[in-house]
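S.K.: Let me begin by handing over the structure; questions about it come next.
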Amino acid sequence: MFRLLGWLFGFGMFVALGGVAAAAVYLATVSAQLPDYTVLKDYQPPVTTRVHAADGTLLAEYARERRLFQPIETVPPLLVHAFLSAEDKDFYSHNGIAIDGIVRALRDNLLARMDGNSSIQGGGSSITQQVAKNFLLTSEQTWDRKIQEAILAIRIESTFTKDKILELYLNEIFLGLNSYGVAAAALNYFDKALYQLTLPEAAYIAALPKGPNNYHPFRRPQAAIERRNWVIDRMVENGYATPEEAAAAKEAPLNVIPRASGSQVYAAEYFTEDVRRELAKLYGEDQLYGGGLSVRTTLEPRLQEYARRALMDGLIEYDHTRGFRGPVASIELGEDWGLDVAKIKPLSDVPEWQLAVVLAVSGNEARIGLRPENDVDGASSPARVEGTLSGPEIRWLSKPVQELVKVGDVVYVSPVAGKDGIFTLEQVPEVEGSLVAMDPRTGRVLAMVGGFSFAESEFNRATQALRQPGSSFKPIVYAAALDNGYTPASVVLDAPVEIRNGDGSIWRPENYAQEFYGPQTLRRGIERSRNVMTVRLARDIGMPLIAEYARMFGIYDDMQPVLAMSLGAGETTNMRMTSAYATIANGGRKIVPTLIDRIQDRYGNTVYRHDERICEGCAAADWHGQGEPRILDNRPQVLDPMTAYQITSMLEGVVQRGTGTAARALNRPVAGKTGTTNDYKDAWFVGFTPELAVGIYVGYDQPRSMGSSSTGGGMSVPIFTNFMAKAMAGKPPTPFNTPAGMTTAWINPSSGVQAFEGESGIQEAFKPGTGPNLMTSVIGVDVQGYDAAQRQMQMQQQYGGAVVTQPSGNGQFLDPSLDAAQSLSGN
């Protein structure tokens with residue numbers, strides 16, 4: 001008997017030792033496949049990149065996983081207690097594996113199933129085990145993975161503090177609505193920061209880890225409330241909430257309000273998309289969508305709204321002259337017209353308009369049904385709102401409503417102010433355009449609109465559309481001349497000229513009015529946008545020099561040095577043109593446009609700053625009687641400051657007496673230049689005050705004529721004026737600064753010589769040593785006073801219009817062998 005017992009004992013010991021050995025081998029095998037858990041020390045979770053306007057308004061968020069990293073020190077205790085109660089109440093006392101939690105989970109789930117409840121009542125994994133699974137393992141349900149999870153949990157607990165483990169967990173866990181981490185969940189579910197969460201809100205977020213879709217606030221609201229209340233009861237059990245607080249919290253509705261993604265500034269999408277492209281170019285896609293960058297842009301929301309409205313109104317005003325092109329769509333009306341029209345997506349960035357379906361037409365009005373709005377969960381609202389499309393309110397069309405629309409037509413409408421339920425007809429314009437507003441002292445782009453609607457077309461006409469600038473390029477030609485011996489009072493002959501192209505053809509540039517005006521001062525030439533004298537001027541100073549100025553100003557990288565380019569025949573962008581004018585406004589200091597002021601990494605360190613000017617004394621630790629800090633402008637000087645002032649003064653004349661007179665309504669110093677290209681395909685105006693440089697472009701995406709009345713002065717200047725009137729409202733007029741050392745004199749605007757007493761004249765500024773003449777010199781012949789103009793006209797007739805007057809007074813014949821691409825209409 002004893003021998004049998006001894007044998008059984010020995011066999012049992014053998015089996016036990018064999019089992020221990022097998023278990024050891026198994027654990028060794030499983031452990032050998034474990035990932036390196038020490039990588040958690042340097043773990044940086046993908047964090048959302050956020051883009052802000054200059055005033056801090058959120059413009060955009062970029063992320064594959066929407067996550068905002070929250071240090072554990074800043075997570076409110078209320079939320080921590082909610083998660084501990086829901087997931088692992090013994091987290092701060094166990095060593096990584098909660099044995100009683102596993103037993104309790106088995107018991108609760110078994111009892112729930114006996115009662116017919118198949119929902120998960122609690123998990124067996126500790127928070128540490130979930131960290132191991134979420135960061136280092138897969139989600140497969142196998143014994144090997146569970147054992148690996150347990151081993152890793154013990155090792156993690158021996159290496160990291162409890163707070164660090166909890167920080168990793170709360171920032172990594174997926175909580176639905178594309179929310180990763182508790183900070184993102186608080187924003188996406190309740191549009192709140194963590195510290196603003198109430199007890200029921202914190203409990204609901206803590207209820208989500210077991211399955212966000214199981215407790216979706218809109219698809220399964222009752223299950224969501226039950227799970228939230230279960231968490232609240234656990235918080236009471238654990239002493240984190242009183243029964244009274246719990247009772248009130250359980251009575252509260254979910255109150256989930258999904259946070260709107262995207263820009264919080266209307267029509268800023270063109271701007272933010274350009275910022276996104278710039279960030280991707282600087283740091284790559286991974287950093288953009290997971291680096292947690294904080295980007296402070298240059299955009300001013302107030303100016304952006306003004307810019308959007310000004311461009312929108314200008315495009316609509318022109319489009320109204322082209323007539324009505326028909327409805328957005330036509331549909332068959334079913335039993336519920338609201339569901340029918342809800343299938344058509346409106347332009348999300350034109351909130352002033354609504355889609356409506358025509359329900360009935362009678363004479364000069366129609367009964368319409370407005371497209372239902374979407375509820376908070378994205379579903380179409382059951383409310384049905386009707387209104388009247390009134391013919392008399394459609395002031396841009398003369399036809400009665402019954403000739404414009406029929407039943408089932410879906411059109412855009414907008415409410416008539418002061419008339420409830422009355423609407424007028426709208427349509428999306430075919431013509432497009434752009435507006436760029438820039439600080440001329442820094443290059444900061446304060447507003448940018450790249451088209452009528454980003455929702456309709458993402459093509460940015462401010463930065464991507466290459467268009468001919470036409471006569472808006474002429475200030476570069478005149479600036480080059482002023483930098484090289486000419487003065488605003490220099491006279492150039494405006495008379496017919498022929499240029500022989502490389503293929504033997506003849507180019508005969510023409511003025512806008514197809515007339516010639518004889519001798520003209522540089523000022524009058526730019527004010528009246530004379531094409532022919534600009535060509536003569538360009539020929540005299542040389543196209544290679546003008547090409548170099550165009551490069552320095554940033555308009556073209558490598559401009560062809562042919563005479564047609566002096567009239568703006570090359571293609572460039574609105575952004576480049578506006579920055580070139582800003583350089584003039586900045587006294588000739590090179591302006592490089594920027595949409596970004598500063599970029600910080602996830603830790604708050606500044607990794608990019610646009611302003612590279614040197615600030616002496618800005619880093620002083622304290623004040624001990626030293627002077628004010630000095631900012632040293634190290635940007636290149638591409639234009640003589642005196643030249644910059646002279647061309648600015650001449651561009652002021654464009655507004656006062658030339659092609660941009662509509663801007664006089666601003667009643668402040670404004671300089672600028674219009675531009676209209678061949679066959680009226682492009683209309684420009686680029687102008688500036690000392691505080692703001694603005695470029696306006698209007699034209700079709702597929703270039704075609706806009707009509708003979710569609711000039712820069714007629715189309716773009718009113719948009720400029722509309723925007724500037726709002727942007728500069730309340731600011732006193734500021735004159736342009738005259739550089740020290742310049743002299744002024746009154747000049748006869750016709751002859752360019754100094755005006756006699758009693759004559760009307762224009763005050764011109766001259767560089768030292770270049771004062772006004774008392775006589776005009778033409779081809780070596782001195783002509784006194786007023787006879788100068790008549791004599792030059794005689795010379796024009798004598799030499800067939802091939803004469804140009806140089807600053808020295810020596811005329812010459814133009815070389816007919818130069819290439820030229822085409823003529824532009826000017827103006």
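The way I read the labels, and the way they are meant: chains A, B, ... in the order of the structure tokens, residue 1 as the first residue of every chain, and ligand 1 as the first ligand shown, with later ones counted on from there.
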Just want the 12 Å neighbourhood of Glu245 of chain A, counted on only C-alpha atoms, with same-chain residues fewer than 6 positions away dropped. Output as a PyMOL selection string.
M.R.: chain A and resi 198-200+229+232-233+235-236+239+251-252
S.K.: May I have the selected residues written with C-alpha atoms, as a PDB file, in the first residue's frame?
M.R.:
```
ATOM      1  CA  THR A 198     -19.662  67.375 -16.137  1.00  0.00           C
ATOM      2  CA  LEU A 199     -20.206  64.117 -14.240  1.00  0.00           C
ATOM      3  CA  PRO A 200     -22.598  62.567 -16.818  1.00  0.00           C
ATOM      4  CA  ASN A 229     -25.539  55.194 -15.848  1.00  0.00           C
ATOM      5  CA  ILE A 232     -22.072  56.451 -12.633  1.00  0.00           C
ATOM      6  CA  ASP A 233     -23.235  53.661 -10.264  1.00  0.00           C
ATOM      7  CA  MET A 235     -18.392  55.741  -9.287  1.00  0.00           C
ATOM      8  CA  VAL A 236     -20.796  55.850  -6.334  1.00  0.00           C
ATOM      9  CA  GLY A 239     -16.703  56.742  -3.437  1.00  0.00           C
ATOM     10  CA  GLU A 251     -31.499  62.060 -15.211  1.00  0.00           C
ATOM     11  CA  ALA A 252     -29.480  64.204 -17.628  1.00  0.00           C
TER      12      ALA A 252
END
```
S.K.: Quick one: residues within 10 Å of Pro772 of chain A, only C-alpha atoms counted, chain neighbours fewer than 2 positions away excluded, as a CSV table (one decimal) with C-alpha atoms, in the first residue's frame?
M.R.:
```csv
chain,number,residue,atom,x,y,z
A,487,THR,CA,12.1,110.9,-63.9
A,488,PRO,CA,8.3,111.0,-63.7
A,489,ALA,CA,8.5,114.1,-65.9
A,490,SER,CA,10.5,112.5,-68.6
A,743,THR,CA,12.9,117.6,-53.8
A,744,THR,CA,9.5,118.5,-55.3
A,745,ALA,CA,8.5,120.8,-58.1
A,746,TRP,CA,5.3,121.6,-60.0
A,747,ILE,CA,5.4,120.1,-63.5
A,752,GLY,CA,6.9,117.6,-68.6
A,753,VAL,CA,8.7,120.9,-68.0
A,754,GLN,CA,8.5,123.0,-64.9
A,755,ALA,CA,5.1,124.7,-64.7
A,764,GLU,CA,6.5,115.7,-58.7
A,765,ALA,CA,9.2,114.3,-56.5
A,766,PHE,CA,12.8,114.2,-57.8
A,769,GLY,CA,20.4,116.1,-59.0
A,770,THR,CA,17.5,115.3,-61.3
A,774,LEU,CA,12.9,124.3,-68.3
A,775,MET,CA,12.8,122.9,-71.8
A,776,THR,CA,12.3,119.6,-73.5
```
S.K.: Taking a cut-off of 6 Å and counting only C-alpha atoms, can you build a table that, for each residue of segment 544-586 of chain A near segment 463-484 of chain A, reports the nearest atom pair and how far apart they are in Å (one decimal), sorted by chain then residue number, as CSV?
M.R.:
```
residue,atom,partner,partner_atom,distance
A:Leu567,CA,A:Ser471,CA,5.6
A:Gly568,CA,A:Gly470,CA,4.1
A:Ala569,CA,A:Gln468,CA,5.5
A:Gly570,CA,A:Gln468,CA,5.4
A:Glu571,CA,A:Gln468,CA,4.4
A:Thr572,CA,A:Leu466,CA,4.8
A:Thr573,CA,A:Leu466,CA,5.2
A:Met575,CA,A:Thr463,CA,5.7
```
S.K.: For a quick check of understanding, using only C-alpha atoms, which of A:Gly211, A:Gly408, A:Ser179, A:Arg276 has the smallest distance to Ser330 of chain A?
M.R.: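 Smallest separation from Ser330 of chain A among the options: A:Gly408.
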S.K.: Can you list every residue in segment 635-733 of chain A that DSSP puts in alpha helix (DSSP H), as a PyMOL selection string?
M.R.: chain A and resi 641-657+717-727
S.K.: Give me every strand (DSSP E) residue in segment 268-345 of chain A, going by DSSP on the backbone, as a PyMOL selection string.
M.R.: chain A and resi 294-297+329-330
S.K.: Using C-alpha atoms, can you export the residues from the last selection as a PDB file, in the first residue's frame?
M.R.:
```
ATOM      1  CA  SER A 294       0.447  74.032 -33.825  1.00  0.00           C
ATOM      2  CA  VAL A 295       0.350  76.468 -36.717  1.00  0.00           C
ATOM      3  CA  ARG A 296      -0.363  80.157 -36.290  1.00  0.00           C
ATOM      4  CA  THR A 297      -1.272  81.629 -39.654  1.00  0.00           C
ATOM      5  CA  ALA A 329     -31.171  70.188 -61.249  1.00  0.00           C
ATOM      6  CA  SER A 330     -34.653  68.970 -62.118  1.00  0.00           C
TER       7      SER A 330
END
```
